[in-house]
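Report on the following structure.
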Amino acid sequence: LRSDARVEPLPVDAAFWQRLVSGELGTFHNEYLVSLYDFGADWTSWERHPNGDEIVLLLSGAVTFILEHDGQQQATQLEQAGAYLIVPKGTWHTARVATPSRMLFITAGEGTEHRAA
């Protein structure tokens, strides 16, 4: 979702995330990445988005999101389709997958950071 309210579809292939992180697909300045993912296992890393909030919508399954604020962790369970979570700007987060799950993400992707779990 571009900052001028237009939609720019991006082809997703095996090299998508590498192209995204390298800046080949742009900076995502004031733009949002809308993505859909299936998860069968816990996330192996943490991430945070320093330039905006993220919306996470559970479509199926059950997931516990762990958010880290000032060194303290807070767990939020998403257990039924339609449950959602807003991850505040700059908050480290990861997910524990209770059952195979499908989630929709709306992410302020500019400057996204990762660290090992």
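Ordered as shown in the structure tokens, chains take letters A, B, and onward, while each chain numbers its residues from 1 and ligands are numbered from 1 in the order shown.
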(request) Please provide as a ChimeraX atom specification all residues within 12 Å of Asp4 in chain A, with the sequence filter that same-chain residues fewer than 6 positions apart are discarded (counting only C-alpha atoms). (result) /A:29-32
(message) Quick check for you: according to DSSP on this backbone, which residues of range 13-60 of chain A are classed as strand (DSSP E)? Reply as an MDAnalysis selection string.
(response) chainID A and resid 33:39 45:48 54:60
(request) Identify, on the basis of only C-alpha atoms, every residue whose closest approach to range 17-21 of chain A does not exceed 10 Å; exclude the query and any residue fewer than 3 positions from it along the same chain; express the result as a VMD selection string. (result) chain A and resid 12 to 14 24 to 28 109 to 113
For those residues, write C-alpha atoms to a file as a compact mmCIF listing (two decimals), in the first residue's frame.
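As written to disk, out06.txt reads:
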```txt
# COMPACT_ATOMS: atom_id res chain seq x y z
CA VAL A 12 6.64 -13.08 -4.46
CA ASP A 13 9.20 -15.75 -5.25
CA ALA A 14 12.05 -17.51 -3.46
CA GLU A 24 15.79 -3.61 -4.41
CA LEU A 25 12.00 -3.27 -4.01
CA GLY A 26 12.20 0.27 -2.62
CA THR A 27 12.43 1.80 0.84
CA PHE A 28 8.79 1.38 1.90
CA GLY A 109 8.00 -2.37 6.65
CA GLU A 110 10.54 0.43 6.37
CA GLY A 111 13.54 -0.28 8.60
CA THR A 112 12.30 -3.66 9.87
CA GLU A 113 14.85 -5.31 12.17
```
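Using only C-alpha atoms, the nearest neighbour of Thr91 in chain A within the list A:Ala5, A:His49, A:Ile55, A:Met103 is A:His49.
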(request) Can you work out the spacing between CA of Leu57 in chain A and CA of Gln72 in chain A in Å, to one decimal? (result) 23.4 Å
(request) Rank nothing, just name the residue among A:Ser101, A:Ser22, A:Thr94, A:Gln80 nearest to Phe65 in chain A, using only C-alpha atoms. (result) A:Thr94
(request) Within 6 Å of Trp92 in chain A, counting only C-alpha atoms, which residues show up once you throw out same-chain ones fewer than 6 positions away? Write them as a VMD selection string, please. (result) chain A and resid 47 to 48 67 to 68
Can you tell me, as a short mmCIF file (atom, residue, chain, number, x, y, z; two decimals) with N, CA and C atoms, in the first residue's frame, what residues are no more than 7 Å from Ser45 in chain A when counting only C-alpha atoms, ignoring any on the same chain fewer than 3 positions away?
```cif
data_model
loop_
_atom_site.label_atom_id
_atom_site.label_comp_id
_atom_site.auth_asym_id
_atom_site.auth_seq_id
_atom_site.Cartn_x
_atom_site.Cartn_y
_atom_site.Cartn_z
N THR A 94 7.54 -11.86 18.57
CA THR A 94 7.71 -13.18 17.98
C THR A 94 6.41 -13.94 18.20
N HIS A 114 15.53 -7.59 12.67
CA HIS A 114 15.37 -8.97 13.16
C HIS A 114 16.48 -9.29 14.15
N ARG A 115 16.17 -10.22 15.05
CA ARG A 115 17.20 -10.76 15.96
C ARG A 115 16.83 -12.21 16.23
N ALA A 116 17.81 -13.00 16.63
CA ALA A 116 17.59 -14.41 16.91
C ALA A 116 16.68 -14.58 18.12
N ALA A 117 15.92 -15.69 18.09
CA ALA A 117 15.01 -15.99 19.20
C ALA A 117 15.78 -16.50 20.40
#
```
(request) Quote the spacing between CA of Ser35 in chain A and CA of Leu10 in chain A in Å to one decimal place. (result) 10.4 Å
(request) List the neighbours of Thr64 in chain A out to 6 Å using only C-alpha atoms; skip same-chain residues closer than 5 positions along the sequence, and give me the result as a ChimeraX atom specification. (result) /A:76-77,95-96
I want to know what sits within 9 Å of Leu1 in chain A, based on only C-alpha atoms, with residues of the same chain fewer than 6 positions away left out; could you give that as a PDB file with C-alpha atoms, in the first residue's frame?
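The result, stored in result.pdb:
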```
ATOM      1  CA  VAL A   7      -1.651  -0.455  -4.514  1.00  0.00           C
ATOM      2  CA  GLU A   8       1.561  -1.831  -6.004  1.00  0.00           C
ATOM      3  CA  PRO A   9       1.484  -5.637  -6.368  1.00  0.00           C
ATOM      4  CA  GLU A  31       4.140   2.505   2.792  1.00  0.00           C
ATOM      5  CA  TYR A  32       2.656  -0.742   4.134  1.00  0.00           C
ATOM      6  CA  LEU A  33       3.371  -4.313   3.129  1.00  0.00           C
ATOM      7  CA  VAL A  34       0.261  -6.551   3.104  1.00  0.00           C
TER       8      VAL A  34
END
```
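Atom to atom, CA of Ala98 in chain A and CA of Leu58 in chain A stand 12.4 Å apart.
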(request) Rank A:Thr107, A:Gln74, A:Ser3, A:Thr99 by their smallest atom-to-atom distance to Gly61 in chain A, using only C-alpha atoms, and report the top residue only. (result) A:Thr99
